[in-house]
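Next up, query-v3.tsv (TSV, C-alpha atoms):
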```tsv
chain	number	residue	atom	x	y	z
A	1	MET	CA	0.00	0.00	0.00
A	2	GLY	CA	1.91	2.95	-1.27
A	3	ASN	CA	5.30	1.40	-0.63
A	4	GLY	CA	6.50	2.06	-4.13
A	5	LEU	CA	6.32	5.69	-3.13
A	6	GLU	CA	9.35	5.25	-0.92
A	7	ARG	CA	11.47	4.45	-3.93
A	8	ARG	CA	10.24	7.50	-5.74
A	9	LYS	CA	10.79	9.78	-2.82
A	10	ASN	CA	14.35	8.63	-2.41
A	11	GLY	CA	15.17	8.24	-6.07
A	12	GLY	CA	14.96	11.80	-7.20
A	13	ARG	CA	15.23	12.76	-10.79
A	14	GLU	CA	16.95	9.79	-12.36
A	15	ILE	CA	14.34	7.15	-12.03
A	16	ASP	CA	11.90	6.56	-14.81
A	17	GLN	CA	8.92	8.28	-13.29
A	18	GLU	CA	6.38	6.88	-15.67
A	19	ASP	CA	6.27	3.40	-14.25
A	20	GLY	CA	6.16	4.37	-10.59
A	21	LEU	CA	3.54	7.04	-11.18
A	22	ARG	CA	1.38	4.67	-13.14
A	23	GLN	CA	1.41	2.14	-10.32
A	24	VAL	CA	0.46	4.75	-7.76
A	25	LEU	CA	-2.40	6.03	-9.89
A	26	GLU	CA	-3.65	2.49	-10.41
A	27	GLU	CA	-3.58	1.87	-6.69
A	28	MET	CA	-5.47	5.10	-6.09
A	29	LYS	CA	-8.11	4.07	-8.60
A	30	ALA	CA	-8.57	0.72	-6.89
A	31	LEU	CA	-8.83	2.32	-3.44
A	32	TYR	CA	-11.31	4.87	-4.71
A	33	GLU	CA	-13.54	2.26	-6.30
A	34	GLN	CA	-13.51	0.09	-3.20
A	35	ASN	CA	-14.48	3.10	-1.13
A	36	GLN	CA	-17.28	4.11	-3.47
A	37	SER	CA	-18.74	0.66	-3.20
A	38	ASP	CA	-18.41	0.56	0.59
A	39	VAL	CA	-19.93	4.03	0.98
A	40	ASN	CA	-22.98	2.89	-0.96
A	41	GLU	CA	-23.25	-0.18	1.20
A	42	ALA	CA	-22.86	1.87	4.37
A	43	LYS	CA	-25.65	4.22	3.31
A	44	SER	CA	-28.18	1.86	1.81
A	45	GLY	CA	-27.26	-1.38	3.53
A	46	GLY	CA	-26.97	0.08	7.01
A	47	ARG	CA	-23.31	-0.92	7.32
A	48	GLY	CA	-22.13	1.93	9.48
A	49	ASP	CA	-19.37	-0.34	10.73
A	50	LEU	CA	-17.64	0.15	7.38
A	51	ILE	CA	-16.78	3.74	8.22
A	52	PRO	CA	-13.37	2.99	9.76
A	53	THR	CA	-12.54	0.98	6.65
A	54	ILE	CA	-13.57	3.82	4.39
A	55	LYS	CA	-11.49	6.26	6.43
A	56	PHE	CA	-8.50	3.92	6.24
A	57	ARG	CA	-8.64	3.82	2.47
A	58	HIS	CA	-9.25	7.55	2.29
A	59	CYS	CA	-6.09	8.20	4.33
A	60	SER	CA	-4.16	6.04	1.87
A	61	LEU	CA	-5.55	8.02	-1.05
A	62	LEU	CA	-4.55	11.29	0.58
A	63	ARG	CA	-1.10	9.90	1.28
A	64	ASN	CA	-0.60	8.75	-2.29
A	65	ARG	CA	-1.70	12.11	-3.55
A	66	ARG	CA	0.64	13.92	-1.22
A	67	CYS	CA	3.64	11.80	-2.22
A	68	THR	CA	2.90	12.20	-5.91
A	69	VAL	CA	2.46	15.96	-5.73
A	70	ALA	CA	5.52	16.49	-3.53
A	71	TYR	CA	7.63	14.34	-5.85
A	72	LEU	CA	6.53	16.16	-8.99
A	73	TYR	CA	6.96	19.52	-7.27
A	74	ASP	CA	10.50	18.64	-6.20
A	75	ARG	CA	11.32	17.71	-9.77
A	76	LEU	CA	10.08	21.10	-10.90
A	77	LEU	CA	12.23	22.84	-8.33
A	78	ARG	CA	15.25	21.01	-9.72
A	79	ILE	CA	14.26	21.76	-13.29
A	80	ARG	CA	13.92	25.43	-12.44
A	81	ALA	CA	17.39	25.33	-10.87
A	82	LEU	CA	18.73	23.96	-14.15
A	83	ARG	CA	17.88	27.21	-15.92
A	84	TRP	CA	20.07	29.10	-13.46
A	85	GLU	CA	22.83	26.55	-13.02
A	86	TYR	CA	23.18	25.14	-16.48
A	87	GLY	CA	21.66	27.52	-19.00
A	88	SER	CA	18.70	27.89	-21.29
A	89	VAL	CA	19.50	24.95	-23.54
A	90	LEU	CA	19.50	21.61	-21.79
A	91	PRO	CA	21.56	18.69	-23.11
A	92	ASN	CA	19.72	15.70	-24.51
A	93	ALA	CA	20.85	13.48	-21.70
A	94	LEU	CA	19.01	15.68	-19.20
A	95	ARG	CA	15.97	16.11	-21.41
A	96	PHE	CA	15.68	12.36	-21.68
A	97	HIS	CA	14.74	12.25	-18.01
A	98	MET	CA	12.07	14.91	-18.27
A	99	SER	CA	8.48	14.39	-19.23
A	100	ALA	CA	6.95	16.37	-22.08
A	101	GLU	CA	5.00	18.45	-19.57
A	102	GLU	CA	8.13	19.22	-17.62
A	103	MET	CA	9.88	20.33	-20.80
A	104	GLU	CA	6.95	22.56	-21.56
A	105	TRP	CA	7.12	24.00	-18.05
A	106	PHE	CA	10.82	24.67	-18.50
A	107	ASN	CA	10.16	26.53	-21.72
A	108	HIS	CA	7.46	28.65	-20.09
A	109	TYR	CA	9.77	29.45	-17.20
A	110	LYS	CA	12.56	30.35	-19.60
A	111	LYS	CA	10.26	32.72	-21.42
A	112	SER	CA	9.01	34.38	-18.24
A	113	LEU	CA	12.55	34.88	-17.07
A	114	ALA	CA	13.64	36.28	-20.44
A	115	THR	CA	10.72	38.70	-20.50
A	116	TYR	CA	11.58	39.85	-17.02
A	117	MET	CA	15.26	40.30	-17.82
A	118	ARG	CA	14.43	42.33	-20.90
A	119	SER	CA	12.40	44.69	-18.76
A	120	LEU	CA	15.39	45.57	-16.61
A	121	GLY	CA	18.25	47.96	-17.24
A	122	GLY	CA	16.73	50.24	-19.88
A	123	ASP	CA	16.71	49.26	-23.57
A	124	GLU	CA	19.15	46.40	-23.47
A	125	GLY	CA	17.75	44.43	-20.62
A	126	LEU	CA	19.97	42.76	-18.03
A	127	ASP	CA	21.09	39.14	-17.95
A	128	ILE	CA	20.86	38.36	-14.27
A	129	THR	CA	21.93	34.75	-14.81
A	130	GLN	CA	25.43	36.06	-15.50
A	131	ASP	CA	28.02	37.15	-12.98
A	132	MET	CA	26.51	35.06	-10.21
A	133	LYS	CA	29.79	35.52	-8.40
A	134	PRO	CA	31.30	38.99	-8.18
A	135	PRO	CA	33.70	39.44	-11.10
A	136	LYS	CA	37.22	40.61	-10.33
A	137	SER	CA	38.44	41.09	-13.88
A	138	LEU	CA	37.21	41.26	-17.47
A	139	TYR	CA	39.40	38.38	-18.61
A	140	ILE	CA	40.02	35.09	-16.88
A	141	GLU	CA	42.31	32.11	-17.23
A	142	VAL	CA	40.50	28.90	-18.13
A	143	ARG	CA	41.53	25.32	-18.73
A	144	CYS	CA	39.58	23.07	-21.02
A	145	LEU	CA	38.30	19.90	-19.34
A	146	LYS	CA	37.08	18.13	-22.45
A	147	ASP	CA	37.27	18.53	-26.21
A	148	TYR	CA	34.74	21.10	-27.34
A	149	GLY	CA	35.97	22.38	-30.68
A	150	GLU	CA	36.03	25.86	-32.18
A	151	PHE	CA	34.79	28.62	-29.94
A	152	GLU	CA	34.23	32.10	-31.32
A	153	VAL	CA	35.62	34.80	-29.08
A	154	ASP	CA	35.40	38.26	-30.60
A	155	ASP	CA	35.08	39.79	-34.06
A	156	GLY	CA	35.30	36.44	-35.78
A	157	THR	CA	38.45	35.23	-34.04
A	158	SER	CA	38.12	31.85	-32.43
A	159	VAL	CA	40.05	29.46	-30.25
A	160	LEU	CA	40.23	25.70	-30.34
A	161	LEU	CA	39.04	24.25	-27.07
A	162	LYS	CA	40.90	21.01	-26.75
A	163	LYS	CA	41.20	19.01	-23.57
A	164	ASN	CA	43.85	20.49	-21.24
A	165	SER	CA	44.45	23.57	-23.38
A	166	GLN	CA	44.56	26.82	-21.46
A	167	HIS	CA	43.27	30.18	-22.60
A	168	PHE	CA	42.90	33.76	-21.48
A	169	LEU	CA	39.36	34.72	-22.42
A	170	PRO	CA	36.63	37.26	-21.69
A	171	ARG	CA	34.80	36.26	-18.56
A	172	TRP	CA	31.28	36.79	-19.93
A	173	LYS	CA	31.91	34.38	-22.79
A	174	CYS	CA	33.23	31.61	-20.56
A	175	GLU	CA	30.80	31.68	-17.72
A	176	GLN	CA	28.28	29.31	-19.19
A	177	LEU	CA	30.88	26.80	-20.39
A	178	ILE	CA	32.42	26.73	-16.93
A	179	ARG	CA	29.05	26.05	-15.35
A	180	GLN	CA	28.48	23.26	-17.82
A	181	GLY	CA	31.73	21.63	-16.81
A	182	ILE	CA	33.53	22.13	-20.12
A	183	LEU	CA	35.98	24.73	-18.89
A	184	GLU	CA	37.59	25.22	-15.54
A	185	HIS	CA	38.18	28.66	-14.06
A	186	VAL	CA	41.84	28.81	-13.07
A	187	LEU	CA	42.70	31.24	-10.34
A	188	SER	CA	46.05	32.95	-10.64
B	1	MET	CA	22.39	22.96	-8.07
B	2	SER	CA	22.96	23.69	-4.43
B	3	GLU	CA	22.82	27.38	-5.26
B	4	ALA	CA	19.58	27.47	-7.21
B	5	TYR	CA	17.68	24.48	-5.83
B	6	PHE	CA	15.73	25.24	-2.67
B	7	ARG	CA	13.95	22.20	-1.33
B	8	VAL	CA	10.72	22.55	0.63
B	9	GLU	CA	11.63	22.76	4.32
B	10	SER	CA	10.33	20.51	7.03
B	11	GLY	CA	7.55	21.86	9.20
B	12	ALA	CA	7.58	18.91	11.58
B	13	LEU	CA	9.02	20.85	14.49
B	14	GLY	CA	6.10	23.23	14.34
B	15	PRO	CA	2.38	22.55	14.65
B	16	GLU	CA	1.98	20.97	11.22
B	17	GLU	CA	4.10	19.16	8.68
B	18	ASN	CA	4.63	20.86	5.34
B	19	PHE	CA	2.51	19.10	2.74
B	20	LEU	CA	5.20	19.33	0.05
B	21	SER	CA	8.22	18.61	2.23
B	22	LEU	CA	9.92	15.36	1.25
B	23	ASP	CA	11.61	15.30	4.66
B	24	ASP	CA	8.24	15.40	6.40
B	25	ILE	CA	6.88	12.69	4.13
B	26	LEU	CA	9.79	10.43	5.04
B	27	MET	CA	9.40	11.28	8.72
B	28	SER	CA	5.70	10.46	8.75
B	29	HIS	CA	6.45	7.08	7.22
B	30	GLU	CA	7.90	5.93	10.55
B	31	LYS	CA	5.70	3.69	12.62
B	32	LEU	CA	4.18	3.82	16.05
B	33	PRO	CA	2.23	1.30	18.14
B	34	VAL	CA	-1.56	1.63	18.07
B	35	ARG	CA	-4.54	-0.29	19.38
B	36	THR	CA	-7.77	-0.62	17.43
B	37	GLU	CA	-10.83	0.47	19.41
B	38	THR	CA	-13.33	-0.90	16.91
B	39	PRO	CA	-13.25	-3.71	14.33
B	40	ILE	CA	-12.14	-2.59	10.90
B	41	PRO	CA	-13.87	-4.78	8.29
B	42	ARG	CA	-12.40	-6.03	5.03
B	43	LEU	CA	-8.83	-5.03	5.79
B	44	GLY	CA	-7.88	-8.27	7.45
B	45	THR	CA	-5.83	-9.27	4.40
B	46	PHE	CA	-3.28	-6.62	5.21
B	47	PHE	CA	-2.68	-8.02	8.65
B	48	LEU	CA	-3.24	-11.72	8.03
B	49	ASP	CA	-2.19	-12.96	11.42
B	50	ARG	CA	-4.79	-10.75	13.07
B	51	SER	CA	-7.66	-11.20	10.71
B	52	GLY	CA	-10.97	-12.17	12.21
B	53	GLY	CA	-11.72	-14.40	9.25
B	54	ALA	CA	-14.68	-14.56	6.92
B	55	GLU	CA	-17.45	-14.39	9.54
B	56	SER	CA	-16.24	-11.01	10.71
B	57	ASP	CA	-16.13	-9.74	7.12
B	58	ASN	CA	-12.35	-10.19	7.20
B	59	ALA	CA	-11.98	-7.57	9.85
B	60	ILE	CA	-9.05	-6.45	11.91
B	61	PRO	CA	-10.52	-7.17	15.34
B	62	GLU	CA	-11.11	-4.59	18.05
B	63	GLY	CA	-8.24	-4.54	20.50
B	64	SER	CA	-5.59	-5.48	17.94
B	65	LYS	CA	-2.14	-4.12	18.55
B	66	LEU	CA	-0.56	-2.89	15.33
B	67	GLU	CA	2.32	-0.77	14.15
B	68	LEU	CA	1.06	1.86	11.78
B	69	PRO	CA	2.89	4.67	10.01
B	70	LEU	CA	2.41	8.10	11.54
B	71	TRP	CA	0.44	9.42	8.58
B	72	LEU	CA	-2.14	6.68	8.96
B	73	ALA	CA	-2.33	6.94	12.73
B	74	LYS	CA	-2.87	10.70	12.43
B	75	GLY	CA	-5.59	10.20	9.84
B	76	LEU	CA	-7.54	7.67	11.86
B	77	PHE	CA	-7.13	9.31	15.25
B	78	ASP	CA	-9.74	11.52	16.85
B	79	ASN	CA	-9.97	12.78	20.40
B	80	LYS	CA	-12.79	10.35	21.18
B	81	ARG	CA	-10.52	7.47	20.13
B	82	ARG	CA	-13.32	5.87	18.16
B	83	ILE	CA	-11.11	3.99	15.72
B	84	LEU	CA	-7.77	3.73	17.43
B	85	SER	CA	-5.73	4.77	20.41
B	86	VAL	CA	-2.04	5.46	20.27
B	87	GLU	CA	0.78	4.25	22.48
B	88	LEU	CA	3.96	6.23	22.90
B	89	PRO	CA	7.05	4.63	21.35
B	90	LYS	CA	9.54	3.70	24.06
B	91	ILE	CA	12.02	6.45	23.37
B	92	TYR	CA	9.43	9.08	24.24
B	93	GLN	CA	8.37	7.37	27.44
B	94	GLU	CA	9.57	8.13	30.93
B	95	GLY	CA	12.37	5.55	31.03
B	96	TRP	CA	14.21	6.99	28.07
B	97	ARG	CA	13.35	10.55	29.03
B	98	THR	CA	15.32	9.95	32.23
B	99	VAL	CA	18.28	8.68	30.21
B	100	PHE	CA	18.21	11.80	28.06
B	101	SER	CA	18.09	14.06	31.06
B	102	ALA	CA	21.12	12.32	32.55
B	103	ASP	CA	23.30	12.84	29.50
B	104	ALA	CA	21.74	13.75	26.19
B	105	ASN	CA	25.02	13.51	24.27
B	106	VAL	CA	25.49	9.81	24.76
B	107	VAL	CA	22.43	8.63	22.88
B	108	ASP	CA	22.42	7.50	19.26
B	109	LEU	CA	19.46	9.51	18.03
B	110	HIS	CA	19.87	8.25	14.52
B	111	LYS	CA	19.17	4.72	15.60
B	112	MET	CA	16.28	5.90	17.75
B	113	GLY	CA	14.71	7.86	14.95
B	114	PRO	CA	16.09	8.83	12.57
B	115	HIS	CA	13.61	11.68	12.86
B	116	PHE	CA	13.67	11.90	16.62
B	117	TYR	CA	12.66	15.54	17.03
B	118	GLY	CA	10.26	15.77	14.09
B	119	PHE	CA	8.44	12.57	14.91
B	120	GLY	CA	8.39	13.43	18.62
B	121	SER	CA	6.90	16.85	17.91
B	122	GLN	CA	4.16	15.40	15.74
B	123	LEU	CA	3.39	12.80	18.42
B	124	LEU	CA	1.97	15.65	20.47
B	125	HIS	CA	-1.09	15.52	18.19
B	126	PHE	CA	-2.28	12.41	20.00
B	127	ASP	CA	-3.17	14.21	23.24
B	128	SER	CA	-1.18	12.01	25.55
B	129	PRO	CA	-1.25	13.05	29.21
B	130	GLU	CA	2.54	12.98	28.97
B	131	ASN	CA	2.64	15.66	26.26
B	132	ALA	CA	4.08	18.34	28.54
B	133	ASP	CA	6.88	16.01	29.65
B	134	ILE	CA	7.56	14.89	26.09
B	135	SER	CA	7.90	18.47	24.85
B	136	GLN	CA	10.21	19.35	27.71
B	137	SER	CA	12.30	16.28	27.03
B	138	LEU	CA	12.61	17.07	23.31
B	139	LEU	CA	13.66	20.61	24.05
B	140	GLN	CA	16.15	19.78	26.82
B	141	THR	CA	17.67	16.96	24.81
B	142	PHE	CA	18.29	19.31	21.94
B	143	ILE	CA	19.73	21.97	24.21
B	144	GLY	CA	22.06	19.40	25.71
B	145	ARG	CA	23.38	18.28	22.33
B	146	PHE	CA	23.40	21.51	20.42
B	147	ARG	CA	26.69	22.88	21.68
B	148	ARG	CA	28.66	19.87	20.50
B	149	ILE	CA	27.00	19.89	17.09
B	150	MET	CA	27.77	23.55	16.61
B	151	ASP	CA	31.38	23.19	17.75
B	152	SER	CA	32.15	20.15	15.65
B	153	SER	CA	30.50	21.51	12.51
B	154	GLN	CA	32.46	24.75	12.81
B	155	ASN	CA	35.80	23.04	13.37
B	156	ALA	CA	35.85	20.01	11.13
B	157	TYR	CA	37.45	21.31	7.94
B	158	ASN	CA	38.37	18.99	5.11
B	159	GLU	CA	37.91	15.86	7.18
B	160	ASP	CA	35.80	12.76	7.23
B	161	THR	CA	32.86	13.74	9.41
B	162	SER	CA	31.04	10.42	9.42
B	163	ALA	CA	31.95	9.71	13.03
B	164	LEU	CA	30.68	13.13	14.09
B	165	VAL	CA	27.26	12.74	12.46
B	166	ALA	CA	26.69	9.02	13.05
B	167	ARG	CA	24.62	9.51	16.18
B	168	LEU	CA	22.77	12.63	15.09
B	169	ASP	CA	19.14	12.55	14.05
B	170	GLU	CA	18.09	14.00	10.70
B	171	MET	CA	17.34	17.48	12.00
B	172	GLU	CA	20.71	17.63	13.76
B	173	ARG	CA	22.45	16.43	10.61
B	174	GLY	CA	20.83	19.27	8.72
B	175	LEU	CA	22.17	21.70	11.28
B	176	PHE	CA	25.61	20.16	11.05
B	177	GLN	CA	25.55	20.51	7.29
B	178	THR	CA	24.56	24.15	7.53
B	179	GLY	CA	27.46	24.73	9.90
B	180	GLN	CA	29.83	23.00	7.51
B	181	LYS	CA	28.63	25.05	4.60
B	182	GLY	CA	29.25	28.25	6.54
B	183	LEU	CA	32.73	27.04	7.41
B	184	ASN	CA	33.57	25.99	3.86
B	185	ASP	CA	32.21	29.18	2.34
B	186	PHE	CA	34.26	31.26	4.74
B	187	GLN	CA	37.43	29.29	4.05
B	188	GLY	CA	36.80	29.62	0.35
B	189	TRP	CA	36.39	33.36	0.71
B	190	GLU	CA	39.62	33.62	2.69
B	191	LYS	CA	41.46	31.84	-0.11
B	192	GLY	CA	40.05	34.24	-2.65
B	193	GLN	CA	37.80	31.62	-4.22
B	194	ALA	CA	34.61	33.58	-3.76
B	195	SER	CA	34.82	34.99	-7.26
B	196	GLN	CA	35.74	31.69	-8.91
B	197	ILE	CA	33.10	30.46	-11.28
B	198	THR	CA	32.38	26.82	-10.60
B	199	ALA	CA	30.61	24.07	-12.46
B	200	SER	CA	27.04	23.36	-11.58
B	201	SER	CA	27.04	20.56	-9.01
B	202	LEU	CA	24.13	19.05	-10.89
B	203	VAL	CA	26.31	18.65	-13.95
B	204	GLN	CA	29.03	17.02	-11.90
B	205	ASN	CA	26.57	14.53	-10.44
B	206	TYR	CA	25.18	13.59	-13.82
B	207	LYS	CA	28.65	13.03	-15.18
B	208	LYS	CA	29.42	10.60	-12.40
B	209	ARG	CA	26.35	8.55	-13.17
B	210	LYS	CA	27.13	8.61	-16.89
B	211	PHE	CA	23.44	8.49	-17.72
B	212	THR	CA	23.39	4.72	-17.46
B	213	ASP	CA	19.60	4.83	-17.36
B	214	MET	CA	19.62	5.45	-21.08
B	215	GLU	CA	20.70	1.90	-21.68
B	216	ASP	CA	17.81	0.34	-19.75
```
So, in terms of structure tokens, how does the structure I just supplied come out?
Amino acid sequence: MGNGLERRKNGGREIDQEDGLRQVLEEMKALYEQNQSDVNEAKSGGRGDLIPTIKFRHCSLLRNRRCTVAYLYDRLLRIRALRWEYGSVLPNALRFHMSAEEMEWFNHYKKSLATYMRSLGGDEGLDITQDMKPPKSLYIEVRCLKDYGEFEVDDGTSVLLKKNSQHFLPRWKCEQLIRQGILEHVLS
Amino acid sequence: MSEAYFRVESGALGPEENFLSLDDILMSHEKLPVRTETPIPRLGTFFLDRSGGAESDNAIPEGSKLELPLWLAKGLFDNKRRILSVELPKIYQEGWRTVFSADANVVDLHKMGPHFYGFGSQLLHFDSPENADISQSLLQTFIGRFRRIMDSSQNAYNEDTSALVARLDEMERGLFQTGQKGLNDFQGWEKGQASQITASSLVQNYKKRKFTDMED
């Protein structure tokens, strides 16, 4: 009775949510139908003694609902954090673990945030997802953690980001790649 | 992710749990001893060794002693005790309360819980005559242990803390973690790392798991 919920609560974002959710919803349907039938019997058949039973099942239904909602809500909180931590374009590997509705939610959130950012700072808007840590200089030293390829820097010039190569680059261009784990910010 | 992900906090130490808090959901999964005050028909299959059998409509008999999760006990309880009455788990009874008052630091609250304070606070909903003593005990136990938790969390830098947290309940572990974060952030700032852009911890976690789920 609702024990599969434990797995979901502990599993977090990785686990295939479809299967677990489906089982919970099936269980809820069964509980609901049993209760409907018992309520009818209690009313018309004079079986007032069924009330504790009905309450028992009702508690289980409420519990299942709570677990499901809290789980889905926690996933959304993590998905929202992705926009800030990772960026506005999620890699396929992450998207694979999201439902279509969650992807849609992410897109809506992205849009709301973009609209808000455009409304700040006069005509140009202000990207508040940048400079999350106070910048000390315009340019920073970075080391490449994995092969990435050509990366355009300024006015058409580009650098080749190859694993272990080091570069001195504008901070605002590198920030996202560092957060995504492709570059490493080297402190001098 | 630690920077942008804010999980729903526990409300268990207050009057009510937080509906969306995963911590509270886990806490309320813990069991406590109850006694049925009326037969509960048709649920005998869940507790086969107690079932009254077919003639009783497969009921759990009146007077059965069961261990039910907190969420269920709360749901079925009312102050007239029409469906069930609740017994205090041993660690909240007088015997253990005396142990705590002697030396709160000695006890392994993780083994006794692991949600000792949260669960104990929510137990107060069952109108036990010992409620005042239970609340006092919870408070004094925490006061007795707090100093050590604060000290150790503020002084353990770059070490294996498993021995320090082994006997802490979940709430205390959360406190310890907060203390550690403060310590680590300060040390990082001292070293001039406060302006260093770092990778999202979420990304680092996913890399470690290598997305093996995709092969299932």
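For the pair atom CA of B:Asn105 and atom CA of B:Gly144, the interatomic distance is 6.7 Å.
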Tell me as a ChimeraX atom specification which residues belonging to chain B come within 6 Å of chain A, counting only C-alpha atoms.
/B:4-5,20,40,75,195,198-200
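Take atom CA of B:Ala12 and atom CA of B:Phe119: the distance between them is 7.2 Å.
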Per-residue nearest contacts of stretch 37-133 of chain B to stretch 164-167 of chain B (6 Å; all atoms listed in the file) as JSON lines:
```
{"residue": "B:Asp108", "atom": "CA", "partner": "B:Arg167", "partner_atom": "CA", "distance": 4.3}
{"residue": "B:Leu109", "atom": "CA", "partner": "B:Arg167", "partner_atom": "CA", "distance": 5.5}
{"residue": "B:His110", "atom": "CA", "partner": "B:Arg167", "partner_atom": "CA", "distance": 5.2}
```
Go ahead and fit an axis-aligned box to every listed atom of stretch 50-54 of chain A plus 6 Å each side, and pass me the centre and edge lengths in Å, one decimal, as lines of an AutoDock Vina configuration file.
```
center_x = -15.1
center_y = 2.0
center_z = 7.1
size_x = 17.1
size_y = 15.7
size_z = 17.4
```
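Of the listed residues (B:Leu76, B:Ser152, B:Gln196, B:Phe100), B:Phe100 comes nearest to B:Gln136; the distances count all atoms listed in the file.
The space between atom CA of B:Asp23 and atom CA of B:Trp71 spans 13.2 Å.
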